[in-house]
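Student: Pasting a structure here, questions to come.
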Amino acid sequence: MSGRKHRGSENMENLCPVTRKRSTSKNPASAVGALVSATKSSHYEHPSSPSALTFEALEEMGIGMLDSEESSSSALSAIALAVSASATSDDNSNETTPYASVPRMAHQLQNPQRLSLGSSADTTLDSATVEDTLSRQCPAEILQMLSQTKRSALGTEGGSNSNSPSKRLRNPLAAVTCNNQSETATPLNFQPSTSRLAQVRQAKKPSLAQIPARLVPTDSFFVYRTPAMSAHISSGINYFERLSDETLLDIFKWLPKKTLLRMATVCRRFNRCSRDETLWTRLDLGLRTIRPGALEQIVRRGVLVMRLAQASVQEPAFAPSSASFRVRLQYLDLSMASISRSSLRTLLSHCRQLKKISLENTELDDSICAEIARNKALEAVNLTMASGLTANSVRLMMESLTNLSSLNISWTDLSADAVTALVTHISPNVIRLNVAGCRRVLFDSHVASLQKRCPQLLELDLSDCNSLTPAAITAIMKFKMLEYLSVSRCYLIPATRFIELKGMPSLTYLDIFGMLSDAAMEVLEKQMPKMGINKFIHSSVSRPTVGTRRTSIWGLRTRD
């Protein structure tokens, strides 16, 4: 009994037009066939028709017993077809078999595909069509027995499984009604489904008349491809190989440096062209972290202008066993860069064409200063707040750098001997000098020596040189071309001596921060109306960047 109940549950699921679950049992078709046979023999058996509506008759009609692969809608279609055939055989007594009118009914279908009972696709009759057919051609007794059979099966299943789809979904036979008004049974007339979903699907399907003529396939329809495109696809020609290296370089020069590195991985030729020196003339790596060994690869590409301000160079920057090579660096900014002395020494040992260098706030030693001194073409050197300078290193650099024109050696904690070596051996070509921060080591005699050594000075910054006295003003007034002077916080110089500076016709700007009160400043401005007083807070001598210009060093662009 449990097996029958289980098969009854599966039969109810097969009758559901929504879930369409497959069943392995043949009991639904057997039960329906037996029910129809019994009803036919008791109510519709005609004397002239000796054969009743049996399963053999259904098989001969092409219906047969439903196998496990047929859907529930196919079962309902088989019932309707069998009942209709039986009713037709009773009315037409001249027909020898109860299923002779099946071919005629099949020709009356508007959509023959909906009679494919054995297909697995959704081509069976929908429940609405079957219900309409049963209501027009089935007597009330048959429909009543069908309903009782289904209710009994539902009751059996409901007690065992409360989650069965038969309880959740609509009964496909619940809406079946009986039409007793028609006296003569009419042959089956399967019309398209009248359900809302079927109407929407039918409306979406375009008819042949609605399809444009140019889209209808014909015998002359073919896909056309241009010969040029076909030749390009099938030939496999690499047109980049036909371009000269000069043309590739003209293309590559517009690419960013990151894209240029990726282009080097395409092929060997692209790798060779991407390393050309003309593509690496300038490079900005400020605030970046340089991985070990990357700095060597960068300078080997022939960079001329490189900015490494506030960059972090990881060790080792150069391979220990690398052969000696020369780089083309001319403008190098290492301001506040995190680099070891050994890496800096190695880098400068490969540089012999430097013109301007900035080593602000870096650690130096005598060997690094010796490498700097070997760059005879140096014009500007910025050593602001650098540490490790000695009298010997200062003397060596001042004697070697004969082309030096701008020097910033402020706040380097120089000794008195180092200051003496500076003013004694400095190049006469220097026109801009900043020696601020030499507290208690720079005296009036040093200023007098500097005036004799560099008479063409244009800018001189002596800020925070506390040992200077009014005698320094006398030595300063001997500069005939001086345009800018800063003696801020030189407290030993009285304010009245500053008025004497108006006798210098070339002096244009004077910075004396922290020396005068506001009232004294107004008096001084009235005494020297043509001179700009306290116009510059920070010195720009030899500095690579001034103000907000962070994409250029010494007026040269560092980015393409």
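Chains: A, B, ... in order of the structure tokens. Residues: from 1 per chain. Ligands: from 1, in order shown.
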List the neighbours of Ser393 of chain A out to 12 Å using only C-alpha atoms; skip same-chain residues closer than 2 positions along the sequence, and give me the result as a PDB file with C-alpha atoms, in the first residue's frame.
Tutor:
ATOM      1  CA  LEU A 364      77.976  63.265   3.148  1.00  0.00           C
ATOM      2  CA  ASP A 365      81.590  62.319   3.736  1.00  0.00           C
ATOM      3  CA  ASP A 366      84.960  63.118   2.186  1.00  0.00           C
ATOM      4  CA  SER A 367      84.674  60.402  -0.481  1.00  0.00           C
ATOM      5  CA  ILE A 368      81.273  61.681  -1.637  1.00  0.00           C
ATOM      6  CA  CYS A 369      82.626  65.247  -1.787  1.00  0.00           C
ATOM      7  CA  ALA A 370      85.554  63.963  -3.827  1.00  0.00           C
ATOM      8  CA  GLU A 371      83.136  62.421  -6.353  1.00  0.00           C
ATOM      9  CA  ILE A 372      81.270  65.715  -6.523  1.00  0.00           C
ATOM     10  CA  ALA A 373      84.531  67.568  -7.138  1.00  0.00           C
ATOM     11  CA  SER A 387      75.977  66.839   7.300  1.00  0.00           C
ATOM     12  CA  GLY A 388      79.531  65.504   7.228  1.00  0.00           C
ATOM     13  CA  LEU A 389      81.316  68.452   5.614  1.00  0.00           C
ATOM     14  CA  THR A 390      84.847  69.039   6.760  1.00  0.00           C
ATOM     15  CA  ALA A 391      87.494  71.670   5.978  1.00  0.00           C
ATOM     16  CA  ARG A 395      88.650  72.999   0.160  1.00  0.00           C
ATOM     17  CA  LEU A 396      88.701  70.176  -2.392  1.00  0.00           C
ATOM     18  CA  MET A 397      85.344  71.133  -3.859  1.00  0.00           C
ATOM     19  CA  MET A 398      86.114  74.860  -3.994  1.00  0.00           C
ATOM     20  CA  GLU A 399      89.435  74.262  -5.745  1.00  0.00           C
ATOM     21  CA  SER A 400      87.977  71.817  -8.289  1.00  0.00           C
ATOM     22  CA  LEU A 414      80.752  74.343   9.291  1.00  0.00           C
ATOM     23  CA  SER A 415      83.775  74.866  11.426  1.00  0.00           C
ATOM     24  CA  ASP A 417      88.517  76.297   9.282  1.00  0.00           C
ATOM     25  CA  ALA A 418      85.890  75.188   6.817  1.00  0.00           C
ATOM     26  CA  VAL A 419      84.586  78.766   6.517  1.00  0.00           C
ATOM     27  CA  ALA A 421      88.699  77.386   3.264  1.00  0.00           C
ATOM     28  CA  LEU A 422      85.445  78.400   1.663  1.00  0.00           C
ATOM     29  CA  HIS A 425      89.305  79.003  -2.415  1.00  0.00           C
TER      30      HIS A 425
END
Student: So that I can check the surroundings of Lys355 of chain A, please list as a list in words every protein, DNA and RNA residue that reaches within 7 Å of it, counting only C-alpha atoms and ignoring chain neighbours fewer than 2 positions away.
Tutor: Gln330, Tyr331, Gln353, Ile357, Ala377, Leu378, Glu379 and Ala380 of chain A
Student: Using the selection just defined, write its residues with C-alpha atoms as a PDB file, in the first residue's frame.
Tutor:
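Result saved to again.pdb:
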ATOM      1  CA  GLN A 330      73.261  66.475 -15.853  1.00  0.00           C
ATOM      2  CA  TYR A 331      70.565  67.638 -13.425  1.00  0.00           C
ATOM      3  CA  GLN A 353      78.638  65.426 -16.613  1.00  0.00           C
ATOM      4  CA  ILE A 357      73.013  68.950  -8.115  1.00  0.00           C
ATOM      5  CA  ALA A 377      81.140  71.277 -15.209  1.00  0.00           C
ATOM      6  CA  LEU A 378      79.097  71.875 -12.061  1.00  0.00           C
ATOM      7  CA  GLU A 379      77.402  75.275 -12.038  1.00  0.00           C
ATOM      8  CA  ALA A 380      75.046  75.041  -9.048  1.00  0.00           C
TER       9      ALA A 380
END
Student: As an NGL selection string, please: every residue in segment 323-357 of chain A that DSSP puts in helix (DSSP H, G or I).
Tutor: :A and (341-349)
Student: Just to be explicit: take each residue in the selection above, keep C-alpha atoms, and write the result as a PDB file, in the first residue's frame.
Tutor:
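again_14.pdb, freshly written:
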ATOM      1  CA  ARG A 341      76.265  56.907   1.716  1.00  0.00           C
ATOM      2  CA  SER A 342      77.523  53.888  -0.204  1.00  0.00           C
ATOM      3  CA  SER A 343      74.722  54.083  -2.781  1.00  0.00           C
ATOM      4  CA  LEU A 344      75.192  57.835  -3.132  1.00  0.00           C
ATOM      5  CA  ARG A 345      78.935  57.385  -3.586  1.00  0.00           C
ATOM      6  CA  THR A 346      78.374  54.710  -6.251  1.00  0.00           C
ATOM      7  CA  LEU A 347      75.865  56.873  -8.065  1.00  0.00           C
ATOM      8  CA  LEU A 348      78.124  59.913  -8.123  1.00  0.00           C
ATOM      9  CA  SER A 349      81.097  57.803  -9.194  1.00  0.00           C
TER      10      SER A 349
END
Student: Which polymer residues have any atom within 9 Å of an atom of segment 520-528 of chain A, counting only C-alpha atoms, with same-chain residues fewer than 2 positions away left out, as a PDB file with N, CA and C atoms, in the first residue's frame?
Tutor:
ATOM      1  N   ALA A 495      70.720  99.175  13.955  1.00  0.00           N
ATOM      2  CA  ALA A 495      69.743  99.508  12.908  1.00  0.00           C
ATOM      3  C   ALA A 495      70.149 100.754  12.131  1.00  0.00           C
ATOM      4  N   PHE A 498      72.044 100.299   8.743  1.00  0.00           N
ATOM      5  CA  PHE A 498      71.340  99.844   7.531  1.00  0.00           C
ATOM      6  C   PHE A 498      70.988 100.994   6.609  1.00  0.00           C
ATOM      7  N   ILE A 499      70.887 102.210   7.204  1.00  0.00           N
ATOM      8  CA  ILE A 499      70.549 103.361   6.366  1.00  0.00           C
ATOM      9  C   ILE A 499      71.696 103.666   5.409  1.00  0.00           C
ATOM     10  N   LEU A 501      73.230 101.644   3.638  1.00  0.00           N
ATOM     11  CA  LEU A 501      73.146 100.778   2.453  1.00  0.00           C
ATOM     12  C   LEU A 501      72.414 101.444   1.299  1.00  0.00           C
ATOM     13  N   LYS A 502      71.746 102.570   1.554  1.00  0.00           N
ATOM     14  CA  LYS A 502      71.078 103.248   0.436  1.00  0.00           C
ATOM     15  C   LYS A 502      72.089 103.901  -0.505  1.00  0.00           C
ATOM     16  N   LEU A 516      64.368  95.023  13.376  1.00  0.00           N
ATOM     17  CA  LEU A 516      63.754  96.313  13.655  1.00  0.00           C
ATOM     18  C   LEU A 516      62.311  96.119  14.084  1.00  0.00           C
ATOM     19  N   SER A 517      61.851  97.072  14.864  1.00  0.00           N
ATOM     20  CA  SER A 517      60.441  97.098  15.238  1.00  0.00           C
ATOM     21  C   SER A 517      59.622  97.654  14.081  1.00  0.00           C
ATOM     22  N   ASP A 518      58.321  97.612  14.247  1.00  0.00           N
ATOM     23  CA  ASP A 518      57.450  98.103  13.176  1.00  0.00           C
ATOM     24  C   ASP A 518      57.641  99.602  12.942  1.00  0.00           C
ATOM     25  N   LYS A 530      63.032 103.234  -2.747  1.00  0.00           N
ATOM     26  CA  LYS A 530      63.220 102.427  -3.950  1.00  0.00           C
ATOM     27  C   LYS A 530      63.723 101.005  -3.648  1.00  0.00           C
ATOM     28  N   MET A 531      63.892 100.664  -2.408  1.00  0.00           N
ATOM     29  CA  MET A 531      64.435  99.361  -2.045  1.00  0.00           C
ATOM     30  C   MET A 531      63.333  98.510  -1.416  1.00  0.00           C
ATOM     31  N   GLY A 532      63.290  97.238  -1.840  1.00  0.00           N
ATOM     32  CA  GLY A 532      62.322  96.314  -1.263  1.00  0.00           C
ATOM     33  C   GLY A 532      62.869  95.683  -0.009  1.00  0.00           C
ATOM     34  N   ILE A 533      62.162  95.865   1.101  1.00  0.00           N
ATOM     35  CA  ILE A 533      62.637  95.396   2.393  1.00  0.00           C
ATOM     36  C   ILE A 533      61.750  94.228   2.848  1.00  0.00           C
TER      37      ILE A 533
END
Student: Would you kindly return, as a list of chain:residue names, each protein, DNA or RNA residue with an atom no farther than 12 Å from any atom of Arg557 of chain A, considering only C-alpha atoms and excluding same-chain residues fewer than 2 positions away?
Tutor: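 Here the answer would be A:Thr281, A:Arg282, A:Leu283, A:Asp284, A:Leu304, A:Val305, A:Met306, A:Arg307, A:Tyr331, A:Pro544, A:Thr545, A:Arg549, A:Arg550, A:Thr551, A:Ser552, A:Ile553, A:Trp554, A:Gly555, A:Arg559, A:Asp560.
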Student: Take the residues from that selection and write them out as a short mmCIF file (atom, residue, chain, number, x, y, z; two decimals), in the first residue's frame, keeping N, CA, C and O atoms.
Tutor:
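out_2.cif, written as the output of this step:
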data_model
loop_
_atom_site.label_atom_id
_atom_site.label_comp_id
_atom_site.auth_asym_id
_atom_site.auth_seq_id
_atom_site.Cartn_x
_atom_site.Cartn_y
_atom_site.Cartn_z
N THR A 281 64.91 61.15 -21.47
CA THR A 281 65.68 62.37 -21.18
C THR A 281 65.34 62.96 -19.83
O THR A 281 66.19 63.56 -19.16
N ARG A 282 64.11 62.79 -19.37
CA ARG A 282 63.70 63.34 -18.07
C ARG A 282 62.84 62.33 -17.33
O ARG A 282 62.09 61.56 -17.95
N LEU A 283 62.96 62.36 -16.01
CA LEU A 283 62.24 61.38 -15.19
C LEU A 283 61.99 61.97 -13.81
O LEU A 283 62.89 62.53 -13.20
N ASP A 284 60.76 61.83 -13.34
CA ASP A 284 60.36 62.34 -12.03
C ASP A 284 59.98 61.16 -11.14
O ASP A 284 58.97 60.49 -11.38
N LEU A 304 68.76 62.42 -18.45
CA LEU A 304 69.48 63.69 -18.31
C LEU A 304 68.99 64.48 -17.11
O LEU A 304 69.79 65.06 -16.38
N VAL A 305 67.67 64.53 -16.93
CA VAL A 305 67.07 65.31 -15.84
C VAL A 305 66.30 64.33 -14.96
O VAL A 305 65.33 63.71 -15.41
N MET A 306 66.70 64.19 -13.70
CA MET A 306 66.05 63.23 -12.81
C MET A 306 65.79 63.88 -11.46
O MET A 306 66.67 64.49 -10.86
N ARG A 307 64.56 63.72 -11.03
CA ARG A 307 64.14 64.25 -9.73
C ARG A 307 63.85 63.10 -8.79
O ARG A 307 62.98 62.26 -9.05
N TYR A 331 71.32 66.93 -14.46
CA TYR A 331 70.56 67.64 -13.42
C TYR A 331 69.99 66.59 -12.47
O TYR A 331 69.12 65.78 -12.85
N PRO A 544 66.51 73.64 -6.33
CA PRO A 544 65.93 73.15 -7.59
C PRO A 544 64.49 73.58 -7.80
O PRO A 544 64.06 73.80 -8.93
N THR A 545 63.74 73.66 -6.73
CA THR A 545 62.33 74.06 -6.84
C THR A 545 62.09 75.26 -5.95
O THR A 545 62.60 75.34 -4.83
N ARG A 549 56.26 75.09 -7.65
CA ARG A 549 56.70 74.37 -8.85
C ARG A 549 57.37 73.06 -8.43
O ARG A 549 58.53 73.04 -8.05
N ARG A 550 56.60 71.99 -8.52
CA ARG A 550 57.11 70.69 -8.09
C ARG A 550 57.33 69.73 -9.26
O ARG A 550 57.73 68.60 -9.05
N THR A 551 57.05 70.16 -10.46
CA THR A 551 57.25 69.30 -11.63
C THR A 551 58.43 69.75 -12.48
O THR A 551 58.57 69.29 -13.61
N SER A 552 59.27 70.61 -11.94
CA SER A 552 60.45 71.06 -12.68
C SER A 552 61.57 71.32 -11.68
O SER A 552 61.32 71.64 -10.51
N ILE A 553 62.80 71.17 -12.12
CA ILE A 553 63.97 71.47 -11.31
C ILE A 553 64.88 72.40 -12.11
O ILE A 553 65.19 72.14 -13.26
N TRP A 554 65.23 73.52 -11.46
CA TRP A 554 66.05 74.56 -12.09
C TRP A 554 65.46 75.02 -13.42
O TRP A 554 66.16 75.26 -14.39
N GLY A 555 64.13 75.07 -13.46
CA GLY A 555 63.44 75.55 -14.65
C GLY A 555 63.30 74.52 -15.76
O GLY A 555 62.81 74.87 -16.84
N ARG A 559 58.71 65.94 -16.23
CA ARG A 559 57.66 65.05 -16.72
C ARG A 559 57.35 65.36 -18.17
O ARG A 559 57.38 66.52 -18.58
N ASP A 560 57.07 64.32 -18.92
CA ASP A 560 56.76 64.50 -20.34
C ASP A 560 55.33 65.02 -20.52
O ASP A 560 54.47 64.79 -19.68
#
Student: When you look at Pro292 of chain A with a cut-off of 8 Å (counting only C-alpha atoms), what residues show up, excluding the ones that are within fewer than 6 positions of it in the same chain? I need them as an mmCIF file with N, CA, C and O atoms, in the first residue's frame.
Tutor:
data_model
loop_
_atom_site.group_PDB
_atom_site.id
_atom_site.type_symbol
_atom_site.label_atom_id
_atom_site.label_comp_id
_atom_site.auth_asym_id
_atom_site.auth_seq_id
_atom_site.Cartn_x
_atom_site.Cartn_y
_atom_site.Cartn_z
ATOM 1 N N VAL A 313 65.372 55.140 -1.537
ATOM 2 C CA VAL A 313 66.135 54.201 -2.357
ATOM 3 C C VAL A 313 66.500 53.009 -1.493
ATOM 4 O O VAL A 313 67.250 53.136 -0.507
ATOM 5 N N GLN A 314 65.986 51.839 -1.849
ATOM 6 C CA GLN A 314 66.252 50.628 -1.096
ATOM 7 C C GLN A 314 67.592 50.012 -1.510
ATOM 8 O O GLN A 314 68.021 50.156 -2.650
ATOM 9 N N GLU A 315 68.195 49.342 -0.560
ATOM 10 C CA GLU A 315 69.505 48.727 -0.782
ATOM 11 C C GLU A 315 69.356 47.286 -1.272
ATOM 12 O O GLU A 315 68.394 46.596 -0.893
ATOM 13 N N PRO A 316 70.266 46.826 -2.133
ATOM 14 C CA PRO A 316 71.354 47.607 -2.751
ATOM 15 C C PRO A 316 70.853 48.327 -3.997
ATOM 16 O O PRO A 316 70.125 47.764 -4.812
ATOM 17 N N ALA A 317 71.253 49.569 -4.134
ATOM 18 C CA ALA A 317 70.828 50.341 -5.298
ATOM 19 C C ALA A 317 71.569 49.920 -6.556
ATOM 20 O O ALA A 317 71.033 50.051 -7.668
ATOM 21 N N PHE A 318 72.790 49.419 -6.399
ATOM 22 C CA PHE A 318 73.594 48.981 -7.535
ATOM 23 C C PHE A 318 74.104 47.569 -7.263
ATOM 24 O O PHE A 318 74.369 47.199 -6.117
#
Student: If we count only C-alpha atoms, what is near segment 454-462 of chain A at a cut-off of 9 Å, once residues fewer than 6 positions away on the same chain are taken out, given as a count of residues only?
Tutor: 31
Student: Show me, as a list in words, the residues that have an atom within 12 Å of segment 244-257 of chain A when counting only C-alpha atoms, minus same-chain residues fewer than 6 positions from it.
Tutor: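 Near segment 244-257 of chain A, the qualifying residues are Met263, Ala264, Arg269, Phe270, Asn271, Arg272, Cys273, Ser274, Arg275, Asp276, Glu277, Thr278, Leu279, Trp280, Thr281, Arg282, Leu283, Asp284, Leu285, Ile298, Thr558, Arg559 and Asp560 of chain A.
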